[in-house]
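Trainee: The file below is upload06.txt, compact mmCIF, C-alpha atoms:
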# COMPACT_ATOMS: atom_id res chain seq x y z
CA MET A 92 -26.41 -20.33 33.32
CA GLN A 93 -26.18 -17.18 31.20
CA THR A 94 -25.30 -17.06 27.50
CA ALA A 95 -21.75 -15.74 27.89
CA GLU A 96 -20.90 -18.31 30.55
CA ARG A 97 -22.14 -21.16 28.33
CA TYR A 98 -20.11 -19.78 25.42
CA ILE A 99 -16.93 -19.44 27.47
CA ARG A 100 -17.28 -22.86 29.10
CA LEU A 101 -17.83 -24.49 25.69
CA ALA A 102 -14.73 -22.79 24.26
CA HIS A 103 -12.62 -24.02 27.18
CA GLY A 104 -14.04 -27.51 26.70
CA ILE A 105 -12.88 -27.44 23.08
CA ASP A 106 -9.48 -26.07 24.12
CA ALA A 107 -9.06 -29.07 26.42
CA HIS A 108 -9.16 -31.25 23.28
CA GLU A 109 -6.94 -28.94 21.19
CA ALA A 110 -4.69 -26.62 23.17
CA GLY A 111 -4.35 -23.23 21.49
CA TYR A 112 -7.98 -23.01 20.43
CA ILE A 113 -8.34 -20.18 22.94
CA ASP A 114 -6.12 -17.29 21.95
CA GLY A 115 -6.82 -15.14 24.99
CA TYR A 116 -9.18 -14.92 27.96
CA GLY A 117 -9.72 -12.27 30.61
CA GLY A 118 -13.12 -13.16 32.04
CA PRO A 119 -14.20 -14.87 35.29
CA ALA A 120 -11.68 -17.54 36.27
CA GLU A 121 -14.38 -19.97 37.40
CA TRP A 122 -15.73 -20.17 33.84
CA ALA A 123 -12.35 -21.30 32.45
CA GLU A 124 -13.10 -24.97 33.10
CA ARG A 125 -10.76 -27.17 31.04
CA THR A 126 -11.70 -30.55 32.51
CA LEU A 127 -11.75 -32.97 29.59
CA ARG A 128 -15.38 -33.61 28.60
CA SER A 129 -16.46 -35.97 25.85
CA LEU A 130 -17.26 -34.55 22.43
CA ASN A 131 -20.86 -35.74 22.90
CA THR A 132 -21.06 -33.68 26.08
CA LEU A 133 -19.65 -30.66 24.28
CA ASN A 134 -22.21 -31.07 21.50
CA ASP A 135 -24.94 -31.09 24.15
CA GLU A 136 -23.45 -27.90 25.58
CA ALA A 137 -23.54 -26.39 22.08
CA ASP A 138 -27.26 -27.22 21.87
CA SER A 139 -27.88 -25.46 25.21
CA LEU A 140 -25.90 -22.47 24.00
CA ALA A 141 -27.91 -22.35 20.76
CA ALA A 142 -31.16 -22.14 22.73
CA SER A 143 -29.73 -19.38 24.90
CA VAL A 144 -28.50 -17.44 21.87
CA ALA A 145 -31.87 -17.74 20.13
CA ALA A 146 -33.52 -16.07 23.13
CA GLU A 147 -31.06 -13.17 23.11
CA SER A 148 -32.88 -9.84 22.77
CA SER A 149 -30.03 -7.88 21.16
CA ALA A 150 -29.87 -8.57 17.42
CA ALA A 151 -26.20 -7.52 17.27
CA ARG A 152 -25.22 -9.87 20.07
CA ARG A 153 -27.36 -12.70 18.72
CA THR A 154 -25.92 -12.47 15.19
CA PHE A 155 -22.34 -12.51 16.46
CA LEU A 156 -22.91 -15.50 18.72
CA GLU A 157 -24.79 -17.44 16.03
CA VAL A 158 -21.88 -17.33 13.57
CA GLN A 159 -19.37 -18.07 16.34
CA LEU A 160 -21.41 -21.07 17.50
CA ARG A 161 -21.65 -22.44 13.95
CA ALA A 162 -17.85 -22.39 13.81
CA MET A 163 -17.63 -24.14 17.19
CA ARG A 164 -19.87 -26.93 15.92
CA VAL A 165 -17.63 -27.36 12.86
CA LYS A 166 -14.60 -27.52 15.16
CA LEU A 167 -16.30 -30.29 17.15
CA ARG A 168 -16.92 -32.21 13.93
CA LEU A 169 -13.24 -31.91 13.03
CA LEU A 170 -12.18 -33.03 16.50
CA ALA A 171 -14.43 -36.07 16.10
CA GLY A 172 -12.39 -37.04 13.04
CA GLU A 173 -14.91 -36.05 10.38
CA ALA A 174 -13.19 -35.45 7.04
CA LEU A 175 -14.33 -32.16 5.57
CA ASP A 176 -13.46 -30.76 2.18
CA TYR A 177 -10.89 -28.01 2.74
CA ALA A 178 -13.16 -25.30 1.33
CA GLU A 179 -15.95 -26.52 3.59
CA GLU A 180 -13.57 -26.35 6.55
CA VAL A 181 -12.58 -22.75 5.75
CA HIS A 182 -16.19 -21.69 5.26
CA GLY A 183 -17.40 -23.54 8.35
CA LEU A 184 -14.78 -22.08 10.66
CA TYR A 185 -14.52 -18.55 9.28
CA ASP A 186 -17.71 -17.86 7.30
CA ILE A 187 -15.64 -17.04 4.19
CA LEU A 188 -14.54 -18.98 1.12
CA PRO A 189 -10.91 -19.69 0.16
CA LEU A 190 -10.05 -17.84 -3.00
CA LYS A 191 -7.30 -18.87 -5.39
CA THR A 192 -5.20 -16.07 -6.84
CA PRO A 193 -4.18 -16.47 -10.52
CA GLU A 194 -0.46 -17.11 -10.97
CA SER A 195 -0.50 -14.29 -13.53
CA THR A 196 -1.02 -11.88 -10.60
CA PHE A 197 2.13 -13.20 -8.97
CA GLN A 198 4.12 -13.00 -12.20
CA ALA A 199 3.07 -9.37 -12.68
CA ALA A 200 4.19 -8.60 -9.13
CA LEU A 201 7.54 -10.33 -9.69
CA ASP A 202 8.03 -8.32 -12.90
CA ALA A 203 7.26 -5.11 -11.00
CA MET A 204 9.72 -6.08 -8.27
CA ASN A 205 12.35 -6.76 -10.91
CA ALA A 206 11.93 -3.21 -12.15
CA ALA A 207 11.92 -1.72 -8.64
CA LEU A 208 14.87 -3.54 -7.07
CA PRO A 209 18.30 -1.99 -7.62
CA GLY A 210 21.31 -3.93 -8.87
CA SER A 211 21.61 -6.98 -11.08
CA GLY A 212 21.44 -10.71 -10.63
CA PRO A 213 18.71 -13.10 -9.45
CA LEU A 214 15.62 -11.39 -8.06
CA LEU A 215 15.75 -13.16 -4.70
CA GLU A 216 19.37 -12.17 -4.14
CA ARG A 217 18.65 -8.52 -5.02
CA GLN A 218 15.66 -8.51 -2.68
CA ASP A 219 17.67 -9.94 0.20
CA ARG A 220 20.66 -7.65 -0.37
CA LEU A 221 18.38 -4.63 -0.11
CA ARG A 222 16.55 -6.10 2.89
CA ASP A 223 19.86 -6.63 4.68
CA ARG A 224 20.73 -2.93 4.23
CA VAL A 225 17.51 -1.84 6.00
CA ALA A 226 17.20 -4.69 8.53
CA LEU A 227 17.47 -3.75 12.19
CA GLU A 228 19.96 -5.39 14.51
CA ARG A 229 18.14 -7.46 17.13
CA GLY A 230 19.30 -5.08 19.84
CA ASP A 231 17.87 -2.08 17.97
CA ILE A 232 14.34 -3.37 17.30
CA LEU A 233 12.76 -2.31 20.60
CA ARG A 234 14.60 1.04 20.58
CA VAL A 235 13.38 1.94 17.09
CA ALA A 236 9.89 0.62 17.85
CA GLN A 237 9.36 3.16 20.65
CA PRO A 238 9.01 6.35 18.55
CA ILE A 239 6.85 4.39 16.10
CA LEU A 240 4.52 3.25 18.87
CA SER A 241 4.42 6.74 20.37
CA GLU A 242 3.21 8.24 17.08
CA LEU A 243 0.75 5.43 16.34
CA ARG A 244 -0.71 5.58 19.84
CA ALA A 245 -1.16 9.36 19.68
CA ARG A 246 -2.92 9.15 16.33
CA THR A 247 -5.11 6.25 17.48
CA ALA A 248 -6.15 8.07 20.65
CA GLN A 249 -6.96 11.23 18.69
CA ARG A 250 -8.83 9.50 15.87
CA PHE A 251 -10.59 6.59 17.57
CA GLY A 252 -10.04 6.97 21.30
CA LEU A 253 -8.39 4.52 23.70
CA PRO A 254 -9.77 3.15 26.99
CA ASP A 255 -8.08 4.37 30.15
CA GLY A 256 -5.61 1.84 31.49
CA GLU A 257 -4.83 0.00 28.25
CA SER A 258 -1.24 -1.05 27.66
CA PHE A 259 0.92 -3.83 26.27
CA THR A 260 4.44 -5.16 26.59
CA LEU A 261 6.72 -5.78 23.62
CA GLU A 262 9.06 -8.78 23.55
CA LEU A 263 11.44 -10.45 21.10
CA VAL A 264 11.05 -14.20 20.49
CA GLN A 265 12.43 -16.89 18.22
CA ASP A 266 11.46 -20.21 16.65
CA LYS A 267 7.89 -19.24 15.73
CA PRO A 268 5.89 -19.79 12.50
CA TRP A 269 4.74 -16.14 12.41
CA GLY A 270 6.42 -12.72 12.28
CA GLY A 271 4.46 -11.06 15.07
CA TYR A 272 1.71 -11.98 17.52
CA ASN A 273 -0.61 -10.22 19.95
CA TRP A 274 -1.61 -12.18 23.06
CA PRO A 275 -4.72 -10.71 24.75
CA LEU A 276 -4.30 -10.89 28.53
CA GLY A 277 -7.51 -9.24 29.77
CA ASP A 278 -7.79 -6.13 31.97
CA LEU A 279 -7.13 -4.04 28.82
CA LYS A 280 -3.63 -5.53 28.56
CA SER A 281 -1.81 -7.64 26.00
CA ARG A 282 1.67 -8.84 25.06
CA ILE A 283 3.13 -8.38 21.59
CA ASP A 284 5.88 -10.73 20.40
CA ILE A 285 8.18 -10.01 17.46
CA ASN A 286 9.82 -13.06 15.92
CA THR A 287 13.49 -12.46 15.11
CA ASP A 288 14.16 -15.74 13.29
CA PHE A 289 14.48 -13.67 10.13
CA PRO A 290 15.47 -10.02 9.52
CA VAL A 291 13.11 -7.27 10.70
CA PRO A 292 13.37 -4.46 8.11
CA LEU A 293 12.77 -0.91 9.31
CA PRO A 294 10.15 -0.23 6.59
CA ASN A 295 8.04 -3.16 7.87
CA LEU A 296 8.07 -2.07 11.51
CA PRO A 297 5.32 0.62 11.40
CA ASP A 298 2.92 -1.84 9.79
CA LEU A 299 3.84 -4.56 12.29
CA MET A 300 3.31 -2.20 15.25
CA ALA A 301 0.02 -0.95 13.81
CA HIS A 302 -1.14 -4.50 13.03
CA GLU A 303 -0.43 -5.90 16.49
CA GLY A 304 -0.80 -2.72 18.56
CA TYR A 305 -2.26 0.67 17.57
CA PRO A 306 -4.89 0.64 16.12
CA GLY A 307 -4.85 -3.12 15.39
CA HIS A 308 -5.28 -6.19 17.59
CA HIS A 309 -4.44 -4.63 20.96
CA THR A 310 -6.67 -1.64 20.31
CA GLU A 311 -9.58 -3.78 19.14
CA HIS A 312 -9.40 -6.20 22.09
CA ALA A 313 -8.98 -3.45 24.69
CA THR A 314 -11.73 -1.29 23.18
CA LYS A 315 -14.21 -4.16 22.97
CA GLU A 316 -13.37 -5.22 26.51
CA ALA A 317 -14.12 -1.68 27.70
CA ARG A 318 -17.23 -1.09 25.55
CA LEU A 319 -18.81 -4.53 25.33
CA VAL A 320 -17.66 -6.41 28.44
CA ARG A 321 -17.41 -3.69 31.06
CA GLU A 322 -20.19 -1.41 29.85
CA ARG A 323 -22.70 -3.96 28.48
CA GLY A 324 -21.81 -7.16 30.29
CA TRP A 325 -21.20 -9.14 27.08
CA TYR A 326 -18.49 -11.35 28.55
CA GLU A 327 -18.12 -13.38 25.36
CA HIS A 328 -15.80 -10.55 24.23
CA SER A 329 -13.42 -11.31 27.09
CA LEU A 330 -12.55 -14.44 25.07
CA GLN A 331 -10.77 -14.78 21.74
CA ILE A 332 -10.79 -18.10 19.88
CA ILE A 333 -8.52 -18.85 16.96
CA ASN A 334 -10.83 -20.75 14.59
CA ALA A 335 -13.88 -18.51 14.31
CA PRO A 336 -15.39 -15.77 12.13
CA GLU A 337 -14.28 -13.07 14.61
CA CYS A 338 -10.72 -13.71 13.36
CA VAL A 339 -11.66 -12.53 9.86
CA VAL A 340 -12.79 -9.19 11.27
CA SER A 341 -9.78 -8.93 13.62
CA GLU A 342 -7.23 -9.65 10.90
CA GLY A 343 -9.09 -7.37 8.50
CA ILE A 344 -8.78 -4.58 11.06
CA ALA A 345 -5.09 -5.33 11.62
CA VAL A 346 -4.20 -5.56 7.92
CA ASN A 347 -5.72 -2.10 7.40
CA ALA A 348 -4.61 -0.58 10.71
CA LEU A 349 -1.76 1.54 9.38
CA ARG A 350 -3.88 2.70 6.44
CA ALA A 351 -6.48 3.95 8.94
CA LEU A 352 -3.91 6.33 10.47
CA MET A 353 -1.78 7.69 7.65
CA SER A 354 -1.47 7.91 3.89
CA GLU A 355 1.19 6.12 1.88
CA GLN A 356 2.98 9.43 1.33
CA GLU A 357 2.96 10.25 5.04
CA LEU A 358 4.41 6.81 5.76
CA ARG A 359 7.10 7.17 3.10
CA ASP A 360 8.11 10.62 4.39
CA TRP A 361 8.24 9.33 7.97
CA LEU A 362 10.33 6.28 7.08
CA THR A 363 12.79 8.09 4.81
CA GLY A 364 13.08 11.01 7.23
CA GLU A 365 12.82 10.68 11.01
CA LEU A 366 12.84 6.89 11.21
CA SER A 367 15.81 6.44 8.86
CA ALA A 368 17.73 8.85 11.07
CA VAL A 369 16.72 6.99 14.26
CA ALA A 370 17.81 3.67 12.74
CA GLY A 371 20.94 5.07 11.09
CA PHE A 372 19.96 3.90 7.59
CA ASP A 373 20.40 5.45 4.15
CA PRO A 374 17.04 7.02 3.20
CA GLY A 375 17.63 5.99 -0.40
CA ASP A 376 17.78 2.33 0.61
CA VAL A 377 14.59 2.71 2.62
CA ALA A 378 12.83 4.38 -0.31
CA ALA A 379 13.96 1.61 -2.68
CA PHE A 380 12.72 -1.04 -0.25
CA LEU A 381 9.33 0.68 -0.03
CA SER A 382 8.99 0.71 -3.81
CA ALA A 383 9.80 -3.00 -4.00
CA ALA A 384 7.46 -3.73 -1.08
CA GLY A 385 4.60 -2.02 -2.91
CA ALA A 386 5.14 -4.36 -5.85
CA ARG A 387 5.45 -7.33 -3.49
CA GLU A 388 1.87 -6.80 -2.26
CA GLY A 389 0.81 -8.65 -5.39
CA LEU A 390 2.26 -11.80 -3.82
CA ASN A 391 -0.11 -11.71 -0.81
CA GLY A 392 -2.15 -14.61 -2.17
CA VAL A 393 0.79 -17.02 -2.50
CA SER A 394 0.32 -18.62 0.95
CA GLY A 395 -3.39 -19.13 0.32
CA ASN A 396 -2.68 -20.88 -2.97
CA ALA A 397 -0.05 -23.00 -1.22
CA ALA A 398 -2.62 -24.00 1.40
CA LEU A 399 -4.99 -25.14 -1.36
CA LEU A 400 -2.22 -27.18 -2.97
CA LEU A 401 -1.41 -28.82 0.35
CA HIS A 402 -4.85 -29.42 1.86
CA GLN A 403 -7.26 -29.49 -1.06
CA ASP A 404 -5.17 -30.93 -3.87
CA GLY A 405 -3.04 -33.17 -1.63
CA ARG A 406 0.23 -32.13 -3.26
CA PRO A 407 3.50 -33.23 -1.58
CA GLU A 408 5.42 -30.92 0.73
CA SER A 409 8.27 -30.61 -1.77
CA GLU A 410 5.92 -29.18 -4.40
CA VAL A 411 4.36 -26.74 -1.92
CA LEU A 412 7.80 -25.57 -0.80
CA ASP A 413 8.81 -25.03 -4.42
CA TYR A 414 5.62 -23.01 -4.97
CA LEU A 415 6.36 -20.84 -1.93
CA MET A 416 9.91 -20.24 -3.16
CA THR A 417 9.01 -19.62 -6.81
CA TYR A 418 6.00 -17.34 -6.44
CA GLY A 419 6.57 -16.06 -2.90
CA LEU A 420 10.21 -15.14 -3.59
CA ASN A 421 11.28 -16.97 -0.44
CA THR A 422 14.51 -18.65 0.60
CA PRO A 423 14.16 -22.35 1.51
CA GLU A 424 14.26 -21.37 5.20
CA ARG A 425 11.46 -18.81 4.89
CA ALA A 426 9.42 -21.21 2.76
CA ARG A 427 9.70 -23.87 5.47
CA GLN A 428 8.56 -21.36 8.08
CA SER A 429 5.50 -20.58 5.94
CA LEU A 430 4.83 -24.27 5.42
CA SER A 431 4.95 -24.93 9.17
CA PHE A 432 2.26 -22.26 9.63
CA LEU A 433 0.07 -23.89 6.99
CA GLN A 434 0.52 -27.33 8.57
CA SER A 435 -0.40 -26.26 12.10
CA PRO A 436 -3.80 -27.69 13.17
CA SER A 437 -4.81 -24.27 14.49
CA TYR A 438 -3.63 -22.27 11.47
CA ARG A 439 -4.03 -24.59 8.44
CA SER A 440 -7.10 -22.67 7.29
CA TYR A 441 -6.36 -19.40 9.12
CA ILE A 442 -4.34 -17.92 6.25
CA TYR A 443 -7.49 -16.60 4.49
CA THR A 444 -8.43 -14.40 7.43
CA TYR A 445 -5.63 -12.06 6.33
CA THR A 446 -6.38 -11.87 2.63
CA VAL A 447 -10.19 -12.11 2.65
CA GLY A 448 -10.54 -10.17 5.91
CA GLY A 449 -8.19 -7.46 4.66
CA GLU A 450 -10.11 -7.10 1.39
CA LEU A 451 -13.50 -6.99 3.16
CA VAL A 452 -12.40 -4.26 5.56
CA GLN A 453 -10.69 -2.26 2.84
CA ALA A 454 -13.82 -2.46 0.66
CA ALA A 455 -16.06 -1.44 3.57
CA MET A 456 -13.82 1.54 4.32
CA ALA A 457 -13.87 2.56 0.64
CA ALA A 458 -17.67 2.27 0.45
CA GLY A 459 -18.30 4.68 3.33
CA ASP A 460 -16.55 7.11 5.65
CA ALA A 461 -13.28 5.22 6.20
CA GLY A 462 -12.66 6.53 9.71
CA GLN A 463 -16.23 5.93 10.82
CA VAL A 464 -16.21 2.38 9.44
CA PHE A 465 -12.91 1.57 11.13
CA GLY A 466 -14.22 2.99 14.39
CA ARG A 467 -17.28 0.74 14.20
CA LEU A 468 -15.05 -2.28 13.66
CA LEU A 469 -13.14 -1.45 16.84
CA THR A 470 -16.27 -1.15 18.96
CA GLU A 471 -19.04 -3.36 17.52
CA PRO A 472 -19.34 -7.19 17.29
CA LEU A 473 -19.50 -7.34 13.49
CA THR A 474 -19.34 -10.54 11.41
CA PRO A 475 -17.80 -11.31 8.00
CA GLY A 476 -21.29 -11.34 6.48
CA GLN A 477 -22.04 -7.90 7.86
CA LEU A 478 -18.69 -6.67 6.55
CA ALA A 479 -19.59 -7.93 3.08
CA GLN A 480 -22.88 -6.01 3.27
CA MET A 481 -21.06 -2.83 4.30
CA ALA A 482 -18.68 -3.27 1.38
CA GLY A 483 -21.63 -3.45 -1.00
As structure tokens, please, write out the structure in this file.

Mentor:
Amino acid sequence: MQTAERYIRLAHGIDAHEAGYIDGYGGPAEWAERTLRSLNTLNDEADSLAASVAAESSAARRTFLEVQLRAMRVKLRLLAGEALDYAEEVHGLYDILPLKTPESTFQAALDAMNAALPGSGPLLERQDRLRDRVALERGDILRVAQPILSELRARTAQRFGLPDGESFTLELVQDKPWGGYNWPLGDLKSRIDINTDFPVPLPNLPDLMAHEGYPGHHTEHATKEARLVRERGWYEHSLQIINAPECVVSEGIAVNALRALMSEQELRDWLTGELSAVAGFDPGDVAAFLSAAGAREGLNGVSGNAALLLHQDGRPESEVLDYLMTYGLNTPERARQSLSFLQSPSYRSYIYTYTVGGELVQAAMAAGDAGQVFGRLLTEPLTPGQLAQMAG
């Protein structure tokens, strides 16, 4: 049995114990064996995989599989009921450490938002009034997304290249704990879902489409399938698992996807010009929202802090919800949606892939040729540790 087959069979064995562990698979159907095997059997399979990985001649392939396998072993320990410290869980699954953001950072961001948001009254109400003025009707989301995707795809193809035959579908969904999701389907295809439980503001749509589509998740998965699976026979990249170091790199790519294609000024001009006209919005409202959104970036660490309160400090749900509302500037409904994400077995420690992954990729891009670095991330099986080295 070859290395990739062992890897894929082990992942499907874990998924049989916890559905959702596999995020996407497009490899040989006969390897997708989900017959329930004991955890002892899966640990034996992990040992066989480790021996196969150690004999791998390609250093790049070996390094990637080693860190992925370490995360799989930690997942097996968790499935066996072993109680791990939360920080140990995050490090074991993602090869990163959870970082707590000082509340002073959040307060500074809230002060900046207070200065940026028009009108008077409570900050949350002013934020939501402005959001409502630039939020797309559900029936307009796909229409307005099309010119955005057309521009992002053209820039991605010109700057990084796209494999022939790649494509994705775009659908609207509800009752999900996330705002958007890319589902890899194999054969260079994927499906992108946009959650419409809460408003979808026009100014957020380019970032969402870049994050999930071009040049984010869809582009990475399709490019690696073309370059690594089809050209090199590394079938492990036909599989995506949700609790592994590869997610740090993937989310880091996605968080920085729009930045890899256009400057902040280009984005502002596009949103307040062509896209405001397409959506039928007042450009002044869009500009005001962008200013407030820039200040709001200082709140990106709120969910990570909330996860530490919940899982490391053992604080009650009511306290975590209050934290999400106070520092995250969330309504009770949005805070509960965030809490449900943090409580999900698959996502309880996933939140740091966005913040830490985003910072690692941004630092690596700043330390070298940004376009060249981003292109490497789309085509090579890099790990969080290698990203940290690139960032210096």

Trainee: Have a look at A:Leu469, A:Met204, A:Leu184, A:Val320 and name the one nearest to Ser440 (chain A); count all atoms listed in the file.

Mentor: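 That would be A:Leu184, the residue with the smallest distance to Ser440 (chain A).
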
Trainee: Closest to Glu157 (chain A) among A:Pro297, A:Ala335, A:Glu388, A:Leu415, using only C-alpha atoms?

Mentor: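 Closest to Glu157 (chain A), using only C-alpha atoms: A:Ala335.
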
Trainee: If we draw a sphere of 12 Å around (-28.3, -10.8, 23.5), which residues have at least one atom in it when counting all atoms listed in the file? Please report them as an mmCIF file with C-alpha atoms, in the coordinates of the input.

Mentor:
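Saved file part_33.cif follows:
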data_model
loop_
_atom_site.group_PDB
_atom_site.id
_atom_site.type_symbol
_atom_site.label_atom_id
_atom_site.label_comp_id
_atom_site.auth_asym_id
_atom_site.auth_seq_id
_atom_site.Cartn_x
_atom_site.Cartn_y
_atom_site.Cartn_z
ATOM 1 C CA GLN A 93 -26.180 -17.180 31.200
ATOM 2 C CA THR A 94 -25.300 -17.060 27.500
ATOM 3 C CA ALA A 95 -21.750 -15.740 27.890
ATOM 4 C CA LEU A 140 -25.900 -22.470 24.000
ATOM 5 C CA ALA A 141 -27.910 -22.350 20.760
ATOM 6 C CA ALA A 142 -31.160 -22.140 22.730
ATOM 7 C CA SER A 143 -29.730 -19.380 24.900
ATOM 8 C CA VAL A 144 -28.500 -17.440 21.870
ATOM 9 C CA ALA A 145 -31.870 -17.740 20.130
ATOM 10 C CA ALA A 146 -33.520 -16.070 23.130
ATOM 11 C CA GLU A 147 -31.060 -13.170 23.110
ATOM 12 C CA SER A 148 -32.880 -9.840 22.770
ATOM 13 C CA SER A 149 -30.030 -7.880 21.160
ATOM 14 C CA ALA A 150 -29.870 -8.570 17.420
ATOM 15 C CA ALA A 151 -26.200 -7.520 17.270
ATOM 16 C CA ARG A 152 -25.220 -9.870 20.070
ATOM 17 C CA ARG A 153 -27.360 -12.700 18.720
ATOM 18 C CA THR A 154 -25.920 -12.470 15.190
ATOM 19 C CA PHE A 155 -22.340 -12.510 16.460
ATOM 20 C CA LEU A 156 -22.910 -15.500 18.720
ATOM 21 C CA GLU A 157 -24.790 -17.440 16.030
ATOM 22 C CA LEU A 319 -18.810 -4.530 25.330
ATOM 23 C CA ARG A 323 -22.700 -3.960 28.480
ATOM 24 C CA GLY A 324 -21.810 -7.160 30.290
ATOM 25 C CA TRP A 325 -21.200 -9.140 27.080
ATOM 26 C CA TYR A 326 -18.490 -11.350 28.550
ATOM 27 C CA GLU A 327 -18.120 -13.380 25.360
ATOM 28 C CA PRO A 472 -19.340 -7.190 17.290
#

Trainee: What does the distance between CA of Gly449 (chain A) and CA of Ala345 (chain A) come to in Å, to one decimal place?

Mentor: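 Atom-to-atom, CA of Gly449 (chain A) to CA of Ala345 (chain A), that is 7.9 Å.
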
Trainee: At a cut-off of 7 Å, using all atoms listed in the file, what residues contact Ser258 (chain A)? Leave out same-chain residues fewer than 3 positions from it and give the result as a VMD selection string.

Mentor: chain A and resid 279 to 281

Trainee: Which residue out of A:Ile99, A:Ala236, A:Leu390, A:Met353 has the minimum interatomic distance to Glu262 (chain A) when all atoms listed in the file are used?

Mentor: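 That would be A:Ala236, the residue with the smallest distance to Glu262 (chain A).
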
Trainee: List as a count of residues only: which residues have an atom within 12 Å of (-0.6, -12.2, -12.4), counting all atoms listed in the file?

Mentor: 22

Trainee: Between A:Glu365, A:Glu242, A:Glu342, A:Glu357, single out the one closest to Tyr305 (chain A), counting only C-alpha atoms.

Mentor: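 Checking each candidate against Tyr305 (chain A), we get A:Glu242 as the closest.
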
Trainee: Would you work out the distance separating CA of Met481 (chain A) from CA of Ala455 (chain A), expressed in Å to one decimal?

Mentor: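 Taking CA of Met481 (chain A) and CA of Ala455 (chain A), their separation equals 5.2 Å.
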
Trainee: With distances taken over all atoms listed in the file, which residue among A:Leu451, A:Ala178, A:Val158, A:Ala102 lies nearest Asp404 (chain A)?

Mentor: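 For Asp404 (chain A), the nearest of the given residues is A:Ala178.
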
Trainee: When you look at region 121-125 of chain A with a cut-off of 6 Å (counting only C-alpha atoms), what residues show up, excluding the ones that are within fewer than 4 positions of it in the same chain? I need them as a count of residues only.

Mentor: 4

Trainee: CA of Pro189 (chain A) to CA of Asn334 (chain A): how many Å, to one decimal?

Mentor: 14.5 Å

Trainee: Which of these, A:Tyr414, A:Val225, A:Gly210, A:Arg427, has the shortest distance to Asn295 (chain A) once you count all atoms listed in the file?

Mentor: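 Nearest to Asn295 (chain A): A:Val225.
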
Trainee: Would you list the contacts of Pro254 (chain A) as a list of chain:residue names, taking every protein, DNA or RNA residue within 10 Å and counting only C-alpha atoms, but skipping same-chain residues closer than 2 positions in sequence?

Mentor: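 In the requested form, the answer reads A:Ala248, A:Gly252, A:Gly256, A:Glu257, A:Ser258, A:Leu279, A:Thr310, A:Ala313, A:Thr314, A:Lys315, A:Glu316, A:Ala317, A:Arg318.
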
Trainee: Hey, what's within 10 Å of Gln403 (chain A) if we count all atoms listed in the file and toss same-chain stuff fewer than 6 positions away? As a VMD selection string, please?

Mentor: chain A and resid 176 to 178 396 to 397

Trainee: Generate the missing atoms of region 388-397 of chain A up to N, CA, C and O atoms and report them as a PDB file, in the frame of the given file.

Mentor:
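Full text of result11.pdb as output:
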ATOM      1  N   GLU A 388       3.238  -6.581  -2.742  1.00  0.00           N
ATOM      2  CA  GLU A 388       1.870  -6.800  -2.260  1.00  0.00           C
ATOM      3  C   GLU A 388       1.079  -7.708  -3.196  1.00  0.00           C
ATOM      4  O   GLU A 388       0.134  -8.368  -2.775  1.00  0.00           O
ATOM      5  N   GLY A 389       1.478  -7.758  -4.449  1.00  0.00           N
ATOM      6  CA  GLY A 389       0.810  -8.650  -5.390  1.00  0.00           C
ATOM      7  C   GLY A 389       1.045 -10.114  -5.107  1.00  0.00           C
ATOM      8  O   GLY A 389       0.407 -10.985  -5.708  1.00  0.00           O
ATOM      9  N   LEU A 390       1.968 -10.414  -4.183  1.00  0.00           N
ATOM     10  CA  LEU A 390       2.260 -11.800  -3.820  1.00  0.00           C
ATOM     11  C   LEU A 390       1.491 -12.238  -2.565  1.00  0.00           C
ATOM     12  O   LEU A 390       1.719 -13.334  -2.053  1.00  0.00           O
ATOM     13  N   ASN A 391       0.583 -11.403  -2.064  1.00  0.00           N
ATOM     14  CA  ASN A 391      -0.110 -11.710  -0.810  1.00  0.00           C
ATOM     15  C   ASN A 391      -0.915 -13.006  -0.868  1.00  0.00           C
ATOM     16  O   ASN A 391      -1.168 -13.633   0.158  1.00  0.00           O
ATOM     17  N   GLY A 392      -1.333 -13.409  -2.057  1.00  0.00           N
ATOM     18  CA  GLY A 392      -2.150 -14.610  -2.170  1.00  0.00           C
ATOM     19  C   GLY A 392      -1.358 -15.903  -2.302  1.00  0.00           C
ATOM     20  O   GLY A 392      -1.955 -16.988  -2.396  1.00  0.00           O
ATOM     21  N   VAL A 393      -0.029 -15.820  -2.283  1.00  0.00           N
ATOM     22  CA  VAL A 393       0.790 -17.020  -2.500  1.00  0.00           C
ATOM     23  C   VAL A 393       0.535 -18.067  -1.408  1.00  0.00           C
ATOM     24  O   VAL A 393       0.358 -19.263  -1.686  1.00  0.00           O
ATOM     25  N   SER A 394       0.498 -17.657  -0.144  1.00  0.00           N
ATOM     26  CA  SER A 394       0.320 -18.620   0.950  1.00  0.00           C
ATOM     27  C   SER A 394      -1.053 -19.286   0.872  1.00  0.00           C
ATOM     28  O   SER A 394      -1.184 -20.478   1.158  1.00  0.00           O
ATOM     29  N   GLY A 395      -2.070 -18.534   0.473  1.00  0.00           N
ATOM     30  CA  GLY A 395      -3.390 -19.130   0.320  1.00  0.00           C
ATOM     31  C   GLY A 395      -3.420 -20.179  -0.772  1.00  0.00           C
ATOM     32  O   GLY A 395      -4.005 -21.258  -0.611  1.00  0.00           O
ATOM     33  N   ASN A 396      -2.777 -19.886  -1.896  1.00  0.00           N
ATOM     34  CA  ASN A 396      -2.680 -20.880  -2.970  1.00  0.00           C
ATOM     35  C   ASN A 396      -1.912 -22.110  -2.511  1.00  0.00           C
ATOM     36  O   ASN A 396      -2.256 -23.249  -2.839  1.00  0.00           O
ATOM     37  N   ALA A 397      -0.834 -21.878  -1.734  1.00  0.00           N
ATOM     38  CA  ALA A 397      -0.050 -23.000  -1.220  1.00  0.00           C
ATOM     39  C   ALA A 397      -0.884 -23.868  -0.293  1.00  0.00           C
ATOM     40  O   ALA A 397      -0.771 -25.103  -0.309  1.00  0.00           O
TER      41      ALA A 397
END
